[in-house]
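A.B. asks: After the C-alpha coordinates below, expect a handful of questions from me.
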Amino acid sequence: MRKCSGYYNKYSYDSGKSEKIEFENAIFHAFGVDWEDVGDGVGLFTTAVIELQDGTMLNLPVANIKFTSPEYNRGSDCLTVETDDSEHFREQIKSYTAEGYSVSSTGCVYGRWQAILIKEAV
(Lines give C-alpha, C1' and ligand atoms only; values in the text may rest on other atoms or scores of the structure.)
Protein backbone atom coordinates (compact mmCIF):
# COMPACT_ATOMS: atom_id res chain seq x y z
CA MET A 1 0.00 0.00 0.00
CA ARG A 2 1.15 3.52 -0.72
CA LYS A 3 1.23 6.58 1.52
CA CYS A 4 -0.45 9.75 0.33
CA SER A 5 -1.39 13.25 1.43
CA GLY A 6 -4.12 15.55 0.18
CA TYR A 7 -7.37 17.20 1.10
CA TYR A 8 -11.13 16.76 1.19
CA ASN A 9 -14.03 19.12 1.69
CA LYS A 10 -16.18 18.63 4.80
CA TYR A 11 -19.63 20.20 4.77
CA SER A 12 -20.90 21.86 7.96
CA TYR A 13 -24.66 21.82 8.34
CA ASP A 14 -24.40 24.51 11.03
CA SER A 15 -22.67 27.09 8.83
CA GLY A 16 -23.92 25.80 5.46
CA LYS A 17 -20.34 25.94 4.12
CA SER A 18 -17.63 23.48 3.19
CA GLU A 19 -14.27 23.47 4.93
CA LYS A 20 -11.08 22.25 3.24
CA ILE A 21 -9.44 19.58 5.45
CA GLU A 22 -5.84 18.63 4.66
CA PHE A 23 -4.29 15.29 5.67
CA GLU A 24 -0.90 13.54 5.60
CA ASN A 25 0.29 9.94 6.01
CA ALA A 26 -2.92 8.40 4.71
CA ILE A 27 -2.90 4.95 3.11
CA PHE A 28 -4.04 4.48 -0.49
CA HIS A 29 -6.07 1.27 -0.90
CA ALA A 30 -7.43 1.29 -4.48
CA PHE A 31 -8.75 3.30 -7.37
CA GLY A 32 -12.52 3.72 -7.51
CA VAL A 33 -15.28 5.39 -9.51
CA ASP A 34 -17.81 8.04 -8.53
CA TRP A 35 -20.35 10.05 -10.47
CA GLU A 36 -21.78 13.53 -10.62
CA ASP A 37 -25.04 14.75 -12.16
CA VAL A 38 -24.09 17.03 -15.07
CA GLY A 39 -27.54 18.14 -16.22
CA ASP A 40 -28.27 15.93 -19.23
CA GLY A 41 -26.65 12.85 -17.72
CA VAL A 42 -23.99 11.54 -15.45
CA GLY A 43 -20.27 12.27 -15.43
CA LEU A 44 -18.06 9.46 -14.15
CA PHE A 45 -14.67 10.20 -12.62
CA THR A 46 -11.82 8.21 -11.11
CA THR A 47 -11.37 8.29 -7.35
CA ALA A 48 -8.86 7.13 -4.76
CA VAL A 49 -10.03 5.03 -1.82
CA ILE A 50 -7.85 6.05 1.13
CA GLU A 51 -7.64 5.42 4.86
CA LEU A 52 -6.80 8.25 7.26
CA GLN A 53 -4.67 7.66 10.36
CA ASP A 54 -7.78 7.46 12.56
CA GLY A 55 -9.24 4.67 10.37
CA THR A 56 -11.71 6.89 8.47
CA MET A 57 -12.16 5.74 4.87
CA LEU A 58 -12.62 8.32 2.09
CA ASN A 59 -13.43 8.08 -1.62
CA LEU A 60 -11.82 11.20 -3.14
CA PRO A 61 -11.22 12.48 -6.67
CA VAL A 62 -7.68 11.47 -7.66
CA ALA A 63 -6.81 15.16 -8.18
CA ASN A 64 -7.17 15.64 -4.39
CA ILE A 65 -4.29 13.34 -3.43
CA LYS A 66 -0.54 13.11 -3.92
CA PHE A 67 1.46 9.91 -3.44
CA THR A 68 4.25 10.51 -0.94
CA SER A 69 5.94 7.14 -1.39
CA PRO A 70 6.62 7.06 -5.15
CA GLU A 71 8.93 4.07 -4.89
CA TYR A 72 5.81 1.91 -4.55
CA ASN A 73 4.22 3.46 -7.63
CA ARG A 74 6.99 2.86 -10.17
CA GLY A 75 6.08 0.57 -13.02
CA SER A 76 2.39 0.19 -12.22
CA ASP A 77 -0.12 0.70 -15.02
CA CYS A 78 -3.68 1.92 -14.61
CA LEU A 79 -6.32 2.02 -17.33
CA THR A 80 -10.03 2.67 -17.66
CA VAL A 81 -12.42 0.54 -19.72
CA GLU A 82 -15.69 2.22 -20.68
CA THR A 83 -18.48 1.11 -23.04
CA ASP A 84 -22.26 0.94 -23.51
CA ASP A 85 -22.13 -2.72 -24.65
CA SER A 86 -22.15 -5.14 -21.71
CA GLU A 87 -20.90 -8.10 -23.80
CA HIS A 88 -17.98 -6.07 -25.16
CA PHE A 89 -17.27 -4.91 -21.59
CA ARG A 90 -17.03 -8.52 -20.35
CA GLU A 91 -14.73 -9.43 -23.27
CA GLN A 92 -12.43 -6.48 -22.51
CA ILE A 93 -12.23 -7.35 -18.80
CA LYS A 94 -11.47 -10.99 -19.63
CA SER A 95 -8.75 -9.94 -22.09
CA TYR A 96 -7.06 -7.49 -19.72
CA THR A 97 -7.15 -9.86 -16.73
CA ALA A 98 -5.48 -12.51 -18.94
CA GLU A 99 -2.68 -9.95 -19.47
CA GLY A 100 -2.16 -9.62 -15.71
CA TYR A 101 -4.41 -6.67 -14.88
CA SER A 102 -6.65 -6.82 -11.81
CA VAL A 103 -10.00 -5.05 -11.54
CA SER A 104 -9.81 -2.29 -8.95
CA SER A 105 -13.32 -0.96 -9.44
CA THR A 106 -16.27 -1.50 -11.74
CA GLY A 107 -19.80 -0.21 -12.16
CA CYS A 108 -22.65 0.66 -14.47
CA VAL A 109 -24.44 4.01 -14.41
CA TYR A 110 -27.33 4.62 -16.80
CA GLY A 111 -26.23 1.76 -19.05
CA ARG A 112 -22.60 2.91 -19.32
CA TRP A 113 -20.14 0.28 -18.05
CA GLN A 114 -16.82 1.40 -16.57
CA ALA A 115 -13.92 -0.39 -14.89
CA ILE A 116 -10.54 0.64 -13.58
CA LEU A 117 -7.79 -1.94 -13.99
CA ILE A 118 -4.33 -1.98 -12.42
CA LYS A 119 -1.23 -3.94 -13.36
CA GLU A 120 1.66 -3.85 -10.90
CA ALA A 121 5.24 -4.15 -12.11
CA VAL A 122 6.90 -7.52 -11.70
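Within each chain, counting starts at residue 1; across the C-alpha coordinates, chains are named A, B, ... in the order shown, with ligands numbered 1 upward in that order.
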Could you find all residues in region 36-121 of chain A that DSSP calls helix (DSSP H, G or I) from the backbone, and write them as an NGL selection string?

C.D. replies: :A and (62-64 or 70-72 or 86-98)

A.B. asks: Mind checking which residues fall within 8 Å of Lys10 (chain A), counting only C-alpha atoms, ignoring those fewer than 2 positions away in the same chain, and posting them as a PDB file with N, CA and C atoms, in the first residue's frame?

C.D. replies:
```pdb
ATOM      1  N   TYR A   8      -9.732  17.005   1.513  1.00  0.00           N
ATOM      2  CA  TYR A   8     -11.133  16.756   1.186  1.00  0.00           C
ATOM      3  C   TYR A   8     -11.945  17.915   1.741  1.00  0.00           C
ATOM      4  N   SER A  12     -20.358  21.579   6.634  1.00  0.00           N
ATOM      5  CA  SER A  12     -20.898  21.856   7.963  1.00  0.00           C
ATOM      6  C   SER A  12     -22.360  22.268   7.819  1.00  0.00           C
ATOM      7  N   SER A  18     -18.607  24.563   3.193  1.00  0.00           N
ATOM      8  CA  SER A  18     -17.627  23.480   3.186  1.00  0.00           C
ATOM      9  C   SER A  18     -16.291  23.999   3.680  1.00  0.00           C
ATOM     10  N   GLU A  19     -15.585  23.145   4.408  1.00  0.00           N
ATOM     11  CA  GLU A  19     -14.267  23.472   4.926  1.00  0.00           C
ATOM     12  C   GLU A  19     -13.252  22.517   4.296  1.00  0.00           C
ATOM     13  N   LYS A  20     -12.136  23.061   3.821  1.00  0.00           N
ATOM     14  CA  LYS A  20     -11.075  22.248   3.238  1.00  0.00           C
ATOM     15  C   LYS A  20     -10.249  21.643   4.368  1.00  0.00           C
ATOM     16  N   ILE A  21     -10.197  20.304   4.433  1.00  0.00           N
ATOM     17  CA  ILE A  21      -9.445  19.575   5.451  1.00  0.00           C
ATOM     18  C   ILE A  21      -8.253  18.908   4.769  1.00  0.00           C
TER      19      ILE A  21
END
```

A.B. asks: With distances taken over only C-alpha atoms, which residue among A:Val109, A:Ala63, A:Leu117, A:Ala48 lies nearest Val81 (chain A)?

C.D. replies: A:Leu117

A.B. asks: Neighbouring residues of region 30-45 of chain A were defined as those with any atom within 9 Å, considering only C-alpha atoms; residues of the same chain fewer than 5 positions away were excluded. Please report them as a list in words.

C.D. replies: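 Residues meeting the cut-off are Met1, Ile50, Asn59, Leu60, Pro61, Val62, Cys78, Ser104, Ser105, Thr106, Gly107, Val109, Tyr110, Gln114, Ala115, Ile116, Leu117 and Ile118 of chain A.
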
A.B. asks: What's the 9 Å shell around Gly111 (chain A), counting only C-alpha atoms, without same-chain residues fewer than 2 positions away, as an MDAnalysis selection string?

C.D. replies: chainID A and resid 83:86 108:109 113

A.B. asks: Between CA of Val49 (chain A) and CA of Arg2 (chain A), what distance in Å does the model show, to one decimal?

C.D. replies: 11.3 Å

A.B. asks: What residues in chain A get the DSSP label strand (DSSP E or B)? Please answer as a ChimeraX atom specification.

C.D. replies: /A:2-12,17-37,42-51,57-61,65-67,77-83,102-109,112-119

A.B. asks: Could you pull the residues within 10 Å of Ile27 (chain A), counting only C-alpha atoms, minus those fewer than 5 positions along the same chain, as a list in words?

C.D. replies: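 Close residues of Ile27 (chain A): Met1, Arg2, Lys3, Cys4, Ser5, Val49, Ile50, Glu51, Leu52, Gln53, Gly55, Met57, Phe67 and Thr68 of chain A.
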
A.B. asks: Limited to N, CA and C atoms, could you put the picked residues into a file as a PDB file, in the first residue's frame?

C.D. replies:
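File produced: out39.pdb:
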```pdb
ATOM      1  N   MET A   1       0.842  -1.179   0.000  1.00  0.00           N
ATOM      2  CA  MET A   1       0.000   0.000   0.000  1.00  0.00           C
ATOM      3  C   MET A   1       0.885   1.239   0.000  1.00  0.00           C
ATOM      4  N   ARG A   2       0.363   2.302  -0.577  1.00  0.00           N
ATOM      5  CA  ARG A   2       1.150   3.521  -0.725  1.00  0.00           C
ATOM      6  C   ARG A   2       0.656   4.608   0.214  1.00  0.00           C
ATOM      7  N   LYS A   3       1.574   5.419   0.675  1.00  0.00           N
ATOM      8  CA  LYS A   3       1.232   6.578   1.515  1.00  0.00           C
ATOM      9  C   LYS A   3       0.837   7.732   0.602  1.00  0.00           C
ATOM     10  N   CYS A   4      -0.056   8.577   1.094  1.00  0.00           N
ATOM     11  CA  CYS A   4      -0.453   9.753   0.327  1.00  0.00           C
ATOM     12  C   CYS A   4      -0.858  10.879   1.271  1.00  0.00           C
ATOM     13  N   SER A   5      -0.891  12.079   0.723  1.00  0.00           N
ATOM     14  CA  SER A   5      -1.392  13.251   1.433  1.00  0.00           C
ATOM     15  C   SER A   5      -2.392  13.922   0.502  1.00  0.00           C
ATOM     16  N   VAL A  49      -9.499   5.502  -3.098  1.00  0.00           N
ATOM     17  CA  VAL A  49     -10.027   5.033  -1.817  1.00  0.00           C
ATOM     18  C   VAL A  49      -8.849   5.056  -0.842  1.00  0.00           C
ATOM     19  N   ILE A  50      -8.958   5.897   0.186  1.00  0.00           N
ATOM     20  CA  ILE A  50      -7.853   6.054   1.130  1.00  0.00           C
ATOM     21  C   ILE A  50      -8.332   5.887   2.563  1.00  0.00           C
ATOM     22  N   GLU A  51      -7.373   5.588   3.428  1.00  0.00           N
ATOM     23  CA  GLU A  51      -7.637   5.419   4.860  1.00  0.00           C
ATOM     24  C   GLU A  51      -6.815   6.453   5.621  1.00  0.00           C
ATOM     25  N   LEU A  52      -7.501   7.271   6.431  1.00  0.00           N
ATOM     26  CA  LEU A  52      -6.804   8.252   7.257  1.00  0.00           C
ATOM     27  C   LEU A  52      -6.203   7.561   8.473  1.00  0.00           C
ATOM     28  N   GLN A  53      -5.340   8.253   9.201  1.00  0.00           N
ATOM     29  CA  GLN A  53      -4.665   7.664  10.362  1.00  0.00           C
ATOM     30  C   GLN A  53      -5.637   7.206  11.437  1.00  0.00           C
ATOM     31  N   GLY A  55      -8.440   5.780  10.884  1.00  0.00           N
ATOM     32  CA  GLY A  55      -9.243   4.673  10.366  1.00  0.00           C
ATOM     33  C   GLY A  55     -10.389   5.099   9.475  1.00  0.00           C
ATOM     34  N   MET A  57     -12.344   6.042   6.292  1.00  0.00           N
ATOM     35  CA  MET A  57     -12.163   5.738   4.874  1.00  0.00           C
ATOM     36  C   MET A  57     -12.809   6.839   4.044  1.00  0.00           C
ATOM     37  N   PHE A  67       0.711  11.015  -4.022  1.00  0.00           N
ATOM     38  CA  PHE A  67       1.456   9.910  -3.440  1.00  0.00           C
ATOM     39  C   PHE A  67       2.740  10.449  -2.840  1.00  0.00           C
ATOM     40  N   THR A  68       3.034  10.049  -1.617  1.00  0.00           N
ATOM     41  CA  THR A  68       4.246  10.509  -0.941  1.00  0.00           C
ATOM     42  C   THR A  68       5.285   9.414  -0.832  1.00  0.00           C
TER      43      THR A  68
END
```

A.B. asks: Would you mind reading off the distance between CA of Ala26 (chain A) and CA of Asn64 (chain A), one decimal, in Å?

C.D. replies: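 Computed distance, CA of Ala26 (chain A) to CA of Asn64 (chain A), equals 12.4 Å.
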
A.B. asks: Measuring atom to atom with only C-alpha atoms, identify which of A:Ala98, A:Ile65, A:Leu58, A:Ile93 is nearest to Glu24 (chain A).

C.D. replies: A:Ile65
